[in-house]
Amino acid sequence: MSGRAQGSPTGFDPSTHPILAVHFFGVEPLHPIGQIAAALVASPRRQRATEHLHNLGPRPVLEALVEVEAGADLDRVLADFAQLDIETVRRLDGDKFWPSPLREVRP
């Protein structure tokens with residue numbers, strides 16, 4: 001099946017999210033998922049950088065994803081975050097999200 005599958009969101013481009021396309025919407029990507037997965041894990045440098053990003057914590061991971069979603073090159077984003085020291089990020093509480101307010105505080 002190619003193109004927009006029934007039930008997939010309007011404007012969804014299966015070529016930009018091939019694994020989601022197949023899994024959630026039954027849309028075949030332009031390239032077989034095995035090729036895409038192989039390309040994602042082929043680089044040891046990318047693997048190490050990804051592991052480092054993961055070890056930085058959830059907030060840096062989300063920040064990296066937002067950069068990539070905005071059009072930044074994945075390898076550049078991984079290289080930028082690979083320069084951060086894990087302990088320094090943790091000491092500055094840069095590894096976690098700010099707490100969500102439980103209720104509105106009025107003056």
# chains A, B, ... in the order shown; residues from 1 in each chain; ligands from 1
>>> residues_around(residues="Arg76 (chain A)", least_positions_apart="3", cutoff="12 Å", atoms="only C-alpha atoms", output="list in words")
Arg45, Arg46, Ala49, Thr50, Ala64, Glu67, Val68, Gly71, Ala72, Asp73, Ala79, Asp80, Phe81, Ala82 and Gln83 of chain A
>>> atom_distance(atom1="CA of Asn55 (chain A)", atom2="CA of Thr88 (chain A)")
12.2 Å
>>> closest_residue(among="A:Ala38, A:Arg90, A:Pro107, A:Pro101", to="Arg59 (chain A)", atoms="only C-alpha atoms")
A:Arg90
>>> residues_around(residues="Asp93 (chain A)", least_positions_apart="4", cutoff="12 Å", atoms="only C-alpha atoms", output="list in words")
Leu56, Gly57, Pro58, Arg59, Pro60, Ile86, Glu87, Thr88, Val89, Phe97, Trp98 and Pro99 of chain A
>>> atom_distance(atom1="CA of Asp75 (chain A)", atom2="CA of Ala42 (chain A)")
12.7 Å
>>> closest_residue(among="A:Val105, A:Leu84, A:Ala37, A:Ala70", to="His54 (chain A)", atoms="only C-alpha atoms")
A:Leu84
